[in-house]
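Since the structure comes first, as structure tokens, the remarks are kept for the end.
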Amino acid sequence: MTYSRKVFIPLTTLCRDRCTYCTFAKSPGAGGMYLEPDEVLAIAKAGDEAGCTEALFTLGDRPEERWPQAASFLAARGLDSTIGYVAEMSALVRSETSLFPHANPGLLDDDDMRLLRPTNPSMGMMLENISPRLMEPGMPHHGTLSKDPSRRVATIEAAGRARVPFTTGILVGIGERRDELVDSLFALRDLGRATGAIQEIIIQNFRAKADTPMRHSAEPVPRWFARVVALARWILGPEANVQVPPNLTEQFEIYLDAGINDWGGVSPLTIDWVNPEAPWPHLDELRSRTEAAGFTLRPRLPVYPEYIDEDWIHAALYADVVAAADKDGLALIPETSGAR
Ligand code: SF4
């Protein structure tokens, strides 16, 4: 079992979309904003001191296309896109810390991939579900341009063309039918085969959040969700890296038996901004519970070992990634950090 020791950097909580289960995105009037460079650096430096290796940039999708405040923030920095700001902040983190950025900025095209690749050894974006039915009126993705499955598929295809190791996955329990769940897993399997770029697939359970239109929607129960995870392993095959976040289920050990091999990014410092009500387990607890179930737990880099080569990692990053990896391609973390 692996995990990535990370800090979570919510670069902007502004977003052009409004998914009905989301509490991450906020309007400018409700506190939506960008982090300033000194705030980004403060989080990253704290992570560096705590032995983290990943700076996870999570943010809303192209807020400048909806909010004038976003466009003004960017214009004041001489930028016309949030992706440009992600690139600047990734470069800042690279120059001032030993962390590797892993950007999750939503939809990306070929130019975006090229812009971010010299500073991000890997990137990510959830597919969520392959069914366009979830965009119909009354469904969670109604009116959300960025959740159009064809655009999400195009982003993963762009990752393949740009040679970007890519993390994706499905969100389970947002109103999809069982056949749509299965179709989504087969779609990811086929995209992985076609692009070679899918390094990891997250199987994430929906959690109902107060103050959202889906606050009364039923959440997947762990026994059902574990069956979905086992199905994912069966469809994706033994070589796939399959992850379930450990902070969204109390008895998370059930997913070890269902076939996962990764707990994803876990932070010793920052909250999960996408699920702020769900604290990550302390790393000592994650280790002891994983080991009690018969597994060993090892930290990995944001990029998986099988992608650490000069084809998949930009030349500007390659030597540093290799230097940060042990003989298995997993993370070398100093003993003094308390990470082991
Ligand atoms: S695109 Fe992402 S950040 Fe934006 S509303 Fe949907 S879930 Fe929230």
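Following the order of the structure tokens, first chain is A, next is B, and so on, with residues numbered from 1 inside each chain and ligands from 1 in the order they appear.
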
(message) Which residues are near segment 189-199 of chain A? Cut-off 7 Å, only C-alpha atoms, ignore same chain within fewer than 4 positions. Put them as a count of residues only.
(response) 12

(request) Write out as a list in words each polymer residue (protein, DNA or RNA) that has an atom no more than 7 Å from ligand 1, with only C-alpha atoms and all ligand atoms counted. (result) Thr13, Cys15, Arg16, Asp17, Arg18, Cys19, Cys22, Thr23, Phe24, Ala25, Leu59, Gly60, Asp61, Gly106, Ser146 and Lys147 of chain A

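The space separating atom CA of Arg227 of chain A from atom CA of Asp257 of chain A comes to 10.1 Å.
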
With 12 Å as the cut-off and only C-alpha atoms counted, what is the closest atom pair between each nearby residue of segment 206-249 of chain A and segment 285-289 of chain A? Distances in Å to one decimal, ordered by chain and number, as a tab-separated table.
residue	atom	partner	partner_atom	distance
A:Pro245	CA	A:Leu286	CA	11.3
A:Pro246	CA	A:Leu286	CA	8.2
A:Asn247	CA	A:Leu286	CA	10.0

(request) Please provide the set of residues having any atom within 8 Å of Gly32 of chain A, restricted to only C-alpha atoms, with same-chain residues fewer than 3 positions apart removed, written as an NGL selection string. (result) :A and (12-14 or 25-29)

Could the residues in this selection be saved with N, CA and C atoms as a compact mmCIF listing (two decimals), in the first residue's frame?
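Final output, again.txt:
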# COMPACT_ATOMS: atom_id res chain seq x y z
N THR A 12 -7.46 28.47 -5.91
CA THR A 12 -8.63 29.36 -5.92
C THR A 12 -9.88 28.55 -5.65
N THR A 13 -10.75 29.11 -4.83
CA THR A 13 -12.04 28.47 -4.56
C THR A 13 -13.13 29.07 -5.45
N LEU A 14 -12.74 29.92 -6.37
CA LEU A 14 -13.69 30.39 -7.39
C LEU A 14 -13.78 29.34 -8.49
N ALA A 25 -16.28 25.15 -4.13
CA ALA A 25 -16.41 26.39 -4.91
C ALA A 25 -17.27 27.41 -4.16
N LYS A 26 -16.82 28.65 -4.20
CA LYS A 26 -17.56 29.74 -3.54
C LYS A 26 -17.60 30.95 -4.46
N SER A 27 -18.68 31.70 -4.35
CA SER A 27 -18.74 32.95 -5.11
C SER A 27 -17.82 33.97 -4.43
N PRO A 28 -17.47 35.05 -5.15
CA PRO A 28 -16.63 36.07 -4.50
C PRO A 28 -17.31 36.63 -3.24
N GLY A 29 -18.65 36.76 -3.28
CA GLY A 29 -19.36 37.30 -2.11
C GLY A 29 -19.34 36.35 -0.92

(request) Tell me which protein, DNA and RNA residues are within 12 Å of segment 41-52 of chain A, counting only C-alpha atoms, leaving out same-chain ones fewer than 5 positions away, and put them as a VMD selection string. (result) chain A and resid 3 to 11 35 to 36 57 88 to 101 265 to 271 283 299 to 302 324 331 to 340

All residues 8 Å or closer to Gly329 of chain A, only C-alpha atoms, same chain fewer than 2 positions away omitted, as a short mmCIF file (atom, residue, chain, number, x, y, z; two decimals) with N, CA and C atoms, in the first residue's frame:
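Saved result, around21.cif, follows:
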data_model
loop_
_atom_site.label_atom_id
_atom_site.label_comp_id
_atom_site.auth_asym_id
_atom_site.auth_seq_id
_atom_site.Cartn_x
_atom_site.Cartn_y
_atom_site.Cartn_z
N ARG A 300 4.88 7.37 -1.47
CA ARG A 300 5.28 7.48 -2.88
C ARG A 300 5.33 8.96 -3.25
N TYR A 304 3.80 8.03 -10.07
CA TYR A 304 4.01 6.62 -9.70
C TYR A 304 5.32 6.10 -10.28
N PRO A 305 5.92 5.09 -9.62
CA PRO A 305 7.24 4.59 -10.05
C PRO A 305 7.29 4.20 -11.52
N GLU A 306 6.24 3.58 -12.03
CA GLU A 306 6.31 3.09 -13.41
C GLU A 306 6.35 4.21 -14.46
N ILE A 308 8.35 6.99 -13.90
CA ILE A 308 9.58 7.77 -13.72
C ILE A 308 10.58 7.37 -14.81
N VAL A 322 14.15 11.72 -9.90
CA VAL A 322 14.98 10.52 -9.67
C VAL A 322 15.69 10.63 -8.32
N ALA A 325 13.52 9.72 -5.37
CA ALA A 325 12.96 8.37 -5.35
C ALA A 325 13.97 7.36 -4.82
N ASP A 326 13.44 6.31 -4.18
CA ASP A 326 14.33 5.23 -3.74
C ASP A 326 14.46 4.19 -4.87
N LYS A 327 15.08 3.06 -4.57
CA LYS A 327 15.36 2.08 -5.63
C LYS A 327 14.07 1.50 -6.23
N ALA A 331 8.96 7.24 -2.54
CA ALA A 331 9.55 8.47 -2.00
C ALA A 331 10.64 8.18 -0.99
#

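Near Asp109 of chain A, within 7 Å and counting only C-alpha atoms, sit Met113, Thr155 and Ala158 of chain A; same-chain residues fewer than 4 positions away were not included.
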
Writer output for current selection, C-alpha atoms, as a PDB file, in the first residue's frame:
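And here is the file that came out, part-v1.pdb:
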ATOM      1  CA  MET A 113      -0.438  20.501 -20.573  1.00  0.00           C
ATOM      2  CA  THR A 155      -8.420  16.168 -21.247  1.00  0.00           C
ATOM      3  CA  ALA A 158      -4.425  15.452 -24.137  1.00  0.00           C
TER       4      ALA A 158
END

Sel. of alpha helix (DSSP H) residues, segment 142-205 of chain A, as a PDB file with C-alpha atoms, in the first residue's frame:
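Okay, result_9.pdb is ready:
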ATOM      1  CA  PRO A 149     -17.830  13.730 -20.074  1.00  0.00           C
ATOM      2  CA  SER A 150     -16.620  14.264 -23.642  1.00  0.00           C
ATOM      3  CA  ARG A 151     -14.532  17.256 -22.493  1.00  0.00           C
ATOM      4  CA  ARG A 152     -13.156  15.216 -19.582  1.00  0.00           C
ATOM      5  CA  VAL A 153     -12.201  12.404 -21.933  1.00  0.00           C
ATOM      6  CA  ALA A 154     -10.521  14.989 -24.201  1.00  0.00           C
ATOM      7  CA  THR A 155      -8.420  16.168 -21.247  1.00  0.00           C
ATOM      8  CA  ILE A 156      -7.190  12.638 -20.546  1.00  0.00           C
ATOM      9  CA  GLU A 157      -6.409  12.193 -24.241  1.00  0.00           C
ATOM     10  CA  ALA A 158      -4.425  15.452 -24.137  1.00  0.00           C
ATOM     11  CA  ALA A 159      -2.441  14.050 -21.183  1.00  0.00           C
ATOM     12  CA  GLY A 160      -1.555  11.071 -23.350  1.00  0.00           C
ATOM     13  CA  ARG A 161      -0.350  13.292 -26.214  1.00  0.00           C
ATOM     14  CA  ALA A 162       1.665  15.508 -23.857  1.00  0.00           C
ATOM     15  CA  ARG A 178     -25.257   0.886 -12.002  1.00  0.00           C
ATOM     16  CA  ASP A 179     -24.758   0.462 -15.736  1.00  0.00           C
ATOM     17  CA  GLU A 180     -23.327   4.002 -15.908  1.00  0.00           C
ATOM     18  CA  LEU A 181     -20.911   3.145 -13.111  1.00  0.00           C
ATOM     19  CA  VAL A 182     -19.720   0.074 -14.994  1.00  0.00           C
ATOM     20  CA  ASP A 183     -19.542   2.002 -18.275  1.00  0.00           C
ATOM     21  CA  SER A 184     -17.349   4.604 -16.552  1.00  0.00           C
ATOM     22  CA  LEU A 185     -14.889   1.967 -15.343  1.00  0.00           C
ATOM     23  CA  PHE A 186     -14.673   0.397 -18.796  1.00  0.00           C
ATOM     24  CA  ALA A 187     -14.223   3.868 -20.308  1.00  0.00           C
ATOM     25  CA  LEU A 188     -11.278   4.520 -17.997  1.00  0.00           C
ATOM     26  CA  ARG A 189      -9.785   1.126 -18.733  1.00  0.00           C
ATOM     27  CA  ASP A 190     -10.009   1.823 -22.473  1.00  0.00           C
ATOM     28  CA  LEU A 191      -8.634   5.365 -22.086  1.00  0.00           C
ATOM     29  CA  GLY A 192      -5.733   3.980 -20.087  1.00  0.00           C
ATOM     30  CA  ARG A 193      -4.947   1.492 -22.825  1.00  0.00           C
ATOM     31  CA  ALA A 194      -5.294   4.087 -25.580  1.00  0.00           C
ATOM     32  CA  THR A 195      -3.285   6.897 -23.970  1.00  0.00           C
TER      33      THR A 195
END

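With only C-alpha atoms as the atoms that count, the residue of A:Asp328, A:Glu277, A:Asp112, A:Asp211 with the shortest distance to Ala87 of chain A is A:Asp112.
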
Taking the DSSP assignment computed from this structure's backbone, write out as a CSV table (one decimal) with C-alpha atoms, in the first residue's frame all residues of segment 116-292 of chain A that belong to strand (DSSP E or B).
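And here is the file that came out, selection-v8.csv:
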chain,number,residue,atom,x,y,z
A,122,SER,CA,1.9,14.5,-12.8
A,123,MET,CA,-1.5,16.0,-12.9
A,124,GLY,CA,-5.1,14.9,-12.4
A,128,GLU,CA,-16.5,11.3,-12.3
A,166,PHE,CA,-2.4,11.4,-15.1
A,167,THR,CA,-4.6,10.6,-12.1
A,168,THR,CA,-8.4,10.3,-12.7
A,169,GLY,CA,-11.3,8.4,-11.2
A,170,ILE,CA,-15.0,8.1,-10.6
A,171,LEU,CA,-17.3,9.7,-8.0
A,172,VAL,CA,-19.8,7.1,-6.8
A,198,ILE,CA,-3.5,6.9,-16.6
A,199,GLN,CA,-1.2,6.3,-13.6
A,200,GLU,CA,-3.9,6.0,-11.0
A,201,ILE,CA,-7.7,5.6,-10.7
A,202,ILE,CA,-9.5,7.0,-7.7
A,203,ILE,CA,-12.7,5.4,-6.6
A,204,GLN,CA,-14.4,8.0,-4.4
A,205,ASN,CA,-17.6,7.8,-2.5
A,242,VAL,CA,-6.5,1.9,-7.6
A,243,GLN,CA,-7.0,4.4,-4.8
A,262,ASP,CA,-3.1,3.2,-2.6
A,263,TRP,CA,-4.6,5.7,-0.1
A,264,GLY,CA,-3.9,8.7,-2.2
A,265,GLY,CA,-2.7,12.0,-0.9
A,266,VAL,CA,-2.7,12.2,2.9

(request) Rank nothing, just name the residue among A:Ala323, A:Gly259, A:Val229, A:Asn275 nearest to Phe295 of chain A, using only C-alpha atoms. (result)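 Of A:Ala323, A:Gly259, A:Val229, A:Asn275, the one nearest Phe295 of chain A, counting only C-alpha atoms, is A:Gly259.
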
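Reported to one decimal place, the separation of atom CA of Ala55 of chain A from atom CA of Glu39 of chain A is 13.0 Å.
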
(request) Find, counting only C-alpha atoms, the residue in A:Glu253, A:Glu219, A:Val40, A:Arg117 that gets nearest to Thr290 of chain A. (result)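 Checking each candidate against Thr290 of chain A, we get A:Glu253 as the closest.
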
(message) What's the separation between atom CA of Arg133 of chain A and atom CA of Pro222 of chain A, in Å to one decimal place?
(response)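 Atom CA of Arg133 of chain A sits 25.2 Å away from atom CA of Pro222 of chain A.
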
(request) Give the answer as one residue: which of A:Ala293, A:Ile83, A:Ala240, A:Ile130 has the shortest atom-to-atom distance to Leu256 of chain A, using only C-alpha atoms? (result)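 Using only C-alpha atoms, Leu256 of chain A sits closest to A:Ala293.
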
(request) Would you mind telling me which residue in A:Pro140, A:Arg77, A:Glu54, A:Val228 lies nearest to Ala103 of chain A when using only C-alpha atoms? (result)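 When distances to Ala103 of chain A are compared using only C-alpha atoms, the smallest one comes from A:Glu54.
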